[in-house]
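Read through the structure below, which is laid out as structure tokens, and then see the notes.
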Amino acid sequence: MCLGIPLKVVEISPPYAIGELSGVRQRIRIDMLPKVKLGEYVMVHSGFAIEKISEKEVNEMLSLFEEMSKY
Amino acid sequence: MNLPDWDNPAWSESLIRKIKQTAPRELRFMEVCGTHTVNMFRYGIREAIQPEVKFISGPGCPVCVTPTSEIDKAIWLSQQKDIIITTYGDMIRVPGSNGTSLRKAIAKGATVKIVYAATDSIDIAIKNPDKEVVFLAVGFETTSPATAILVKDVIQKGIKNLSILVMHKVIPPAMEALLKDEDIAIDGFLCPGHVSVIIGEKPYHFIPERYHKPAVIGGFKASEILYAIYRMVLQIAQGQPAVENAYRHVVRSEGNKNAQTLLREVFYIGDTEWRGLGRIPESGMLLKEEFSFLDVEKRFQIPELHSKDPPGCRCGDVLKGIIEPYQCPLFGKVCTPLEPVGPCMVSSEGSCAAYYKYGGKTI
């Protein structure tokens with residue numbers, strides 16, 4: 001039930017936005033993320049963007065996993 | 001930025017190895033999110049980390065913890081004249097008392113529409129001005145902000161023919177109820193990723209502070225889940241239980257403040273009934289007085305429905321992790337995903353349905 005889908009924001013018209021994943025576009029609500037910008041990734045749950053996905057943290061996690069898998 | 005493939009097998013393999021090497025003894029952890037339950041089965045994580053770590057599925061499926069009395073109310077409402085029920089899909093097949101369900105009510109003429117977003121109910125209300133639309137508001141903190149937005153939209157748009165059956169629940173008090181139960185021995189919690197997006201880290205602090213157990217927030221892909229489990233094991237090995245956020249790329253430490261504000265504006269926290277766990281103090285989200293005119297209880301005279309749980313069903317013990325689903329005498333025999341007896345077999349995220357599909361334990 002708490003499934004989330006990461007979408008890239010490609011259009012904004014508050015309180016709506018268009019999110020995209022692999023060419024599929026979906027209208028979403030951004031009431032909980034009023035400052036979201038074009039090109040940012042958001043986690044979407046039942047039609048509502050609930051949080052931005054942090055590029056900095058994604059990269060840190062990536063390096064951590066790459067490092068860990070060496071040992 | 002391109003999102004990485006968090007299912008990278010090399011990462012998973014190294015994390016499984018680390019979990020097994022680090023565990024100081026056999027550990028029993030609990031997940032309290034239905035999406036964690038299903039994904040751990042799908043990826044084969046449960047088997048991969050045994051016997052060092054055993055996972056038991058807690059009350060993570062909102063449909064499963066909704067008491068029969070609430071399901072009966074939804075079914076009763078669906079049978080009234082000129083009512084349209086709107087709901088998330090999971091609720092349709094949940095059994096009420098005496099083998100009833102919304103699905104069976106549909107067969108007898110009820111109008112039930114599945115919505116993707118709570119606010120889709122507004123379009124249905126506008127298109128059907130001579131009907132009363134009832135939204136079944138179920139779910140934990142991930143979902144309740146959407147209901148709060150629905151409430152605000154209904155008022156702003158002046159919609160008069162929409163009301164809500166509010167069944168929202170708050171997860172941390174249920175975790176505390178499980179920790180207090182002496183029949184249930186848990187060494188730590190894998191905390192739900194998307195509930196935590198909304199509530200942040202703070203509501204879990206009681207777990208290490210009062211119960212000295214790890215509480216680690218995890219994502220949903222293979223390496224994200226395994227990393228969270230590894231951090232739980234490491235905390236125990238080092239004797240330093242804490243709240244830790246292993247899903248930092250999505251969960252902010254303070255949660256989503258806009259969502260928290262919405263929740264505070266629309267709901268108050270009160271006691272509520274959980275299937276299997278009983279009445280838990282301050283674990284329900286209820287409509288504030290100024291919005292209570294949207295509550296179905298205020299709009300309809302719902303009679304006393306004399307609800308009773310399905311005989312023989314042990315969903316309650318499954319939800320507490322006291323028994324594994326296949327230990328229920330009904331599991332796989334009279335209770336199957338096609339003909340579910342209890343709610344844990346209905347929702348694809350219910351423990352029984354997940355065990356039935358992926359569990360590998362046959363009857």
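So you can find residues: chains in the structure tokens are A, B, ... in the order shown, residues in each start at 1, and ligands are numbered from 1 in order.
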
Residues of chain A no more than 9 Å from chain B, counting only C-alpha atoms: send them over as a PyMOL selection string. chain A and resi 1-4+6+31-34+39-43+45-48+50-62+65-66+68-71

Let's have the selection written as a PDB file, in the first residue's frame, with C-alpha atoms.
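Saved file again-v8.pdb follows:
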```
ATOM      1  CA  MET A   1       0.000   0.000   0.000  1.00  0.00           C
ATOM      2  CA  CYS A   2       2.879   2.357   0.691  1.00  0.00           C
ATOM      3  CA  LEU A   3       4.412   1.622  -2.669  1.00  0.00           C
ATOM      4  CA  GLY A   4       6.282   4.577  -4.138  1.00  0.00           C
ATOM      5  CA  PRO A   6      10.157   7.549  -8.562  1.00  0.00           C
ATOM      6  CA  ASP A  31       0.871  19.931  -2.524  1.00  0.00           C
ATOM      7  CA  MET A  32       3.434  18.364  -0.175  1.00  0.00           C
ATOM      8  CA  LEU A  33       6.412  19.614  -2.233  1.00  0.00           C
ATOM      9  CA  PRO A  34       5.528  23.155  -3.276  1.00  0.00           C
ATOM     10  CA  GLY A  39      14.075  17.911 -13.712  1.00  0.00           C
ATOM     11  CA  GLU A  40      14.027  16.812 -10.062  1.00  0.00           C
ATOM     12  CA  TYR A  41      13.045  13.279  -9.143  1.00  0.00           C
ATOM     13  CA  VAL A  42      10.206  12.759  -6.707  1.00  0.00           C
ATOM     14  CA  MET A  43       8.817   9.703  -4.930  1.00  0.00           C
ATOM     15  CA  HIS A  45       2.597   7.573  -3.640  1.00  0.00           C
ATOM     16  CA  SER A  46      -1.022   7.173  -4.824  1.00  0.00           C
ATOM     17  CA  GLY A  47      -0.863  10.240  -7.048  1.00  0.00           C
ATOM     18  CA  PHE A  48       0.943  12.533  -4.595  1.00  0.00           C
ATOM     19  CA  ILE A  50       5.739  12.829  -1.075  1.00  0.00           C
ATOM     20  CA  GLU A  51       9.446  13.724  -1.208  1.00  0.00           C
ATOM     21  CA  LYS A  52      12.265  14.760  -3.496  1.00  0.00           C
ATOM     22  CA  ILE A  53      14.975  12.213  -4.187  1.00  0.00           C
ATOM     23  CA  SER A  54      18.288  13.750  -3.154  1.00  0.00           C
ATOM     24  CA  GLU A  55      20.957  13.551  -5.852  1.00  0.00           C
ATOM     25  CA  LYS A  56      23.698  14.085  -3.291  1.00  0.00           C
ATOM     26  CA  GLU A  57      22.463  11.202  -1.115  1.00  0.00           C
ATOM     27  CA  VAL A  58      21.941   8.924  -4.123  1.00  0.00           C
ATOM     28  CA  ASN A  59      25.571   9.492  -5.097  1.00  0.00           C
ATOM     29  CA  GLU A  60      26.797   8.879  -1.544  1.00  0.00           C
ATOM     30  CA  MET A  61      24.841   5.640  -1.333  1.00  0.00           C
ATOM     31  CA  LEU A  62      26.227   4.601  -4.727  1.00  0.00           C
ATOM     32  CA  PHE A  65      27.731   0.297  -2.095  1.00  0.00           C
ATOM     33  CA  GLU A  66      30.509   0.255  -4.696  1.00  0.00           C
ATOM     34  CA  MET A  68      31.392  -2.260   0.188  1.00  0.00           C
ATOM     35  CA  SER A  69      31.089  -4.699  -2.701  1.00  0.00           C
ATOM     36  CA  LYS A  70      34.894  -4.694  -3.144  1.00  0.00           C
ATOM     37  CA  TYR A  71      35.373  -6.565   0.109  1.00  0.00           C
TER      38      TYR A  71
END
```

Run DSSP on the backbone and give me the residues of chain A it puts in strand (DSSP E or B), as a PyMOL selection string. chain A and resi 5-13+16-21+24-29+41-45+48-52

Contacts of Asp183 of chain B at 12 Å (only C-alpha atoms; same-chain gap of 3+ positions) as a PDB file with N, CA and C atoms, in the first residue's frame:
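Output saved as result-v1.pdb:
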```
ATOM      1  N   ALA B 177       3.320  -1.131  21.157  1.00  0.00           N
ATOM      2  CA  ALA B 177       2.441  -2.173  21.704  1.00  0.00           C
ATOM      3  C   ALA B 177       3.089  -3.552  21.505  1.00  0.00           C
ATOM      4  N   LEU B 178       3.737  -3.751  20.382  1.00  0.00           N
ATOM      5  CA  LEU B 178       4.398  -5.037  20.126  1.00  0.00           C
ATOM      6  C   LEU B 178       5.603  -5.223  21.048  1.00  0.00           C
ATOM      7  N   LEU B 179       6.350  -4.142  21.285  1.00  0.00           N
ATOM      8  CA  LEU B 179       7.515  -4.240  22.173  1.00  0.00           C
ATOM      9  C   LEU B 179       7.100  -4.546  23.615  1.00  0.00           C
ATOM     10  N   LYS B 180       5.913  -4.055  23.993  1.00  0.00           N
ATOM     11  CA  LYS B 180       5.442  -4.271  25.367  1.00  0.00           C
ATOM     12  C   LYS B 180       4.893  -5.673  25.571  1.00  0.00           C
ATOM     13  N   ILE B 186      11.280  -9.407  19.877  1.00  0.00           N
ATOM     14  CA  ILE B 186      11.837  -8.783  18.673  1.00  0.00           C
ATOM     15  C   ILE B 186      13.154  -8.105  19.043  1.00  0.00           C
ATOM     16  N   ASP B 317      -2.863 -13.236  15.330  1.00  0.00           N
ATOM     17  CA  ASP B 317      -1.584 -13.805  15.771  1.00  0.00           C
ATOM     18  C   ASP B 317      -0.517 -13.668  14.697  1.00  0.00           C
ATOM     19  N   LYS B 320       0.919 -10.175  14.836  1.00  0.00           N
ATOM     20  CA  LYS B 320       1.824  -9.951  15.968  1.00  0.00           C
ATOM     21  C   LYS B 320       3.092 -10.790  15.842  1.00  0.00           C
ATOM     22  N   GLY B 321       3.137 -11.644  14.823  1.00  0.00           N
ATOM     23  CA  GLY B 321       4.319 -12.486  14.645  1.00  0.00           C
ATOM     24  C   GLY B 321       4.359 -13.655  15.607  1.00  0.00           C
ATOM     25  N   ILE B 322       3.228 -13.958  16.257  1.00  0.00           N
ATOM     26  CA  ILE B 322       3.187 -15.081  17.198  1.00  0.00           C
ATOM     27  C   ILE B 322       3.198 -16.402  16.439  1.00  0.00           C
ATOM     28  N   ILE B 323       2.502 -16.423  15.303  1.00  0.00           N
ATOM     29  CA  ILE B 323       2.586 -17.615  14.438  1.00  0.00           C
ATOM     30  C   ILE B 323       2.966 -17.182  13.023  1.00  0.00           C
TER      31      ILE B 323
END
```

Residues at most 12 Å from Ile12 of chain A, counting only C-alpha atoms, excluding those fewer than 5 positions away in the same chain, as a PDB file with C-alpha atoms, in the first residue's frame?
```pdb
ATOM      1  CA  ALA A  17       2.841  18.411 -12.082  1.00  0.00           C
ATOM      2  CA  ILE A  18       3.622  15.845 -14.740  1.00  0.00           C
ATOM      3  CA  GLY A  19       5.977  13.091 -13.682  1.00  0.00           C
ATOM      4  CA  GLU A  20       7.731  10.819 -16.148  1.00  0.00           C
ATOM      5  CA  GLN A  26       1.506  10.719 -15.111  1.00  0.00           C
ATOM      6  CA  ARG A  27      -0.279  13.705 -13.615  1.00  0.00           C
ATOM      7  CA  ILE A  28       0.655  14.057  -9.949  1.00  0.00           C
ATOM      8  CA  ARG A  29      -0.109  16.463  -7.109  1.00  0.00           C
ATOM      9  CA  ILE A  30       2.717  18.427  -5.524  1.00  0.00           C
ATOM     10  CA  ASP A  31       0.871  19.931  -2.524  1.00  0.00           C
ATOM     11  CA  LEU A  33       6.412  19.614  -2.233  1.00  0.00           C
ATOM     12  CA  PRO A  34       5.528  23.155  -3.276  1.00  0.00           C
ATOM     13  CA  LYS A  35       9.168  24.030  -4.065  1.00  0.00           C
ATOM     14  CA  VAL A  36       9.871  21.142  -6.439  1.00  0.00           C
ATOM     15  CA  LYS A  37      11.715  22.130  -9.633  1.00  0.00           C
ATOM     16  CA  LEU A  38      11.695  20.824 -13.192  1.00  0.00           C
ATOM     17  CA  GLY A  39      14.075  17.911 -13.712  1.00  0.00           C
ATOM     18  CA  GLU A  40      14.027  16.812 -10.062  1.00  0.00           C
TER      19      GLU A  40
END
```

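Here atom CA of Pro129 of chain B and atom CA of Leu263 of chain B stand 28.3 Å from one another.
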
Could you list, as a list of chain:residue names, every residue within 6 Å of Val112 of chain B, counting only C-alpha atoms and ignoring same-chain residues fewer than 3 positions away?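 After dropping sequence-adjacent residues, the list is B:Ile84, B:Ile85, B:Thr86.
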
Can you pull out every residue within 7 Å of Asp187 of chain B, counting only C-alpha atoms, but drop anything in the same chain fewer than 4 positions away, and send it as an mmCIF file with N, CA, C and O atoms, in the first residue's frame?
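The new file out_2.cif reads:
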```
data_model
loop_
_atom_site.group_PDB
_atom_site.id
_atom_site.type_symbol
_atom_site.label_atom_id
_atom_site.label_comp_id
_atom_site.auth_asym_id
_atom_site.auth_seq_id
_atom_site.Cartn_x
_atom_site.Cartn_y
_atom_site.Cartn_z
ATOM 1 N N LEU B 27 19.153 -13.580 15.290
ATOM 2 C CA LEU B 27 18.369 -12.378 15.586
ATOM 3 C C LEU B 27 16.980 -12.480 14.968
ATOM 4 O O LEU B 27 16.806 -13.091 13.911
ATOM 5 N N ARG B 28 16.017 -11.863 15.670
ATOM 6 C CA ARG B 28 14.639 -11.807 15.157
ATOM 7 C C ARG B 28 14.242 -10.357 14.951
ATOM 8 O O ARG B 28 14.123 -9.590 15.910
ATOM 9 N N PHE B 29 14.086 -9.987 13.699
ATOM 10 C CA PHE B 29 13.670 -8.621 13.388
ATOM 11 C C PHE B 29 12.244 -8.631 12.851
ATOM 12 O O PHE B 29 11.743 -9.650 12.397
ATOM 13 N N LYS B 213 16.679 -1.220 21.418
ATOM 14 C CA LYS B 213 16.698 -2.016 20.189
ATOM 15 C C LYS B 213 16.882 -1.099 18.983
ATOM 16 O O LYS B 213 16.480 0.064 19.012
#
```

Secondary structure check, helix (DSSP H, G or I) residues of segment 8-67 of chain A, as a PyMOL selection string: chain A and resi 55-67

Can you work out the spacing between atom CA of Lys157 of chain B and atom CA of Ala125 of chain B in Å, to one decimal?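 A separation of 11.2 Å between them.
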
With a distance cut-off of 10 Å and only C-alpha atoms, select the neighbouring residues of Pro51 of chain B, excluding the residue or stretch itself and same-chain residues fewer than 3 positions from it, and output the selection as a short mmCIF file (atom, residue, chain, number, x, y, z; two decimals) with N, CA and C atoms, in the first residue's frame.
```
data_model
loop_
_atom_site.label_atom_id
_atom_site.label_comp_id
_atom_site.auth_asym_id
_atom_site.auth_seq_id
_atom_site.Cartn_x
_atom_site.Cartn_y
_atom_site.Cartn_z
N LYS B 20 25.63 -11.82 7.57
CA LYS B 20 25.88 -13.13 8.17
C LYS B 20 27.15 -13.12 9.04
N ARG B 25 24.54 -13.38 17.12
CA ARG B 25 23.70 -14.53 17.51
C ARG B 25 22.54 -14.55 16.54
N GLU B 26 21.64 -15.51 16.70
CA GLU B 26 20.46 -15.53 15.83
C GLU B 26 19.53 -14.39 16.25
N LEU B 27 19.15 -13.58 15.29
CA LEU B 27 18.37 -12.38 15.59
C LEU B 27 16.98 -12.48 14.97
N ARG B 28 16.02 -11.86 15.67
CA ARG B 28 14.64 -11.81 15.16
C ARG B 28 14.24 -10.36 14.95
N ARG B 46 14.49 -13.12 2.76
CA ARG B 46 14.21 -13.90 3.97
C ARG B 46 15.09 -15.14 4.08
N GLU B 47 15.12 -15.90 2.99
CA GLU B 47 15.91 -17.14 2.99
C GLU B 47 17.40 -16.81 3.01
N ALA B 48 17.78 -15.80 2.26
CA ALA B 48 19.21 -15.50 2.08
C ALA B 48 19.92 -15.16 3.38
N LYS B 54 16.24 -13.76 11.29
CA LYS B 54 14.91 -14.21 10.92
C LYS B 54 13.98 -13.00 10.95
N PHE B 55 13.19 -12.85 9.90
CA PHE B 55 12.26 -11.72 9.84
C PHE B 55 10.84 -12.18 10.10
#
```

Have a look at B:Ile207, B:Ile280, B:Leu226, B:Val134 and name the one nearest to Arg299 of chain B; count only C-alpha atoms. B:Val134

Counting only C-alpha atoms, figure out which residue out of B:Lys127, B:Lys288, B:His212, B:His168 gets nearest to Gly188 of chain B. B:His212
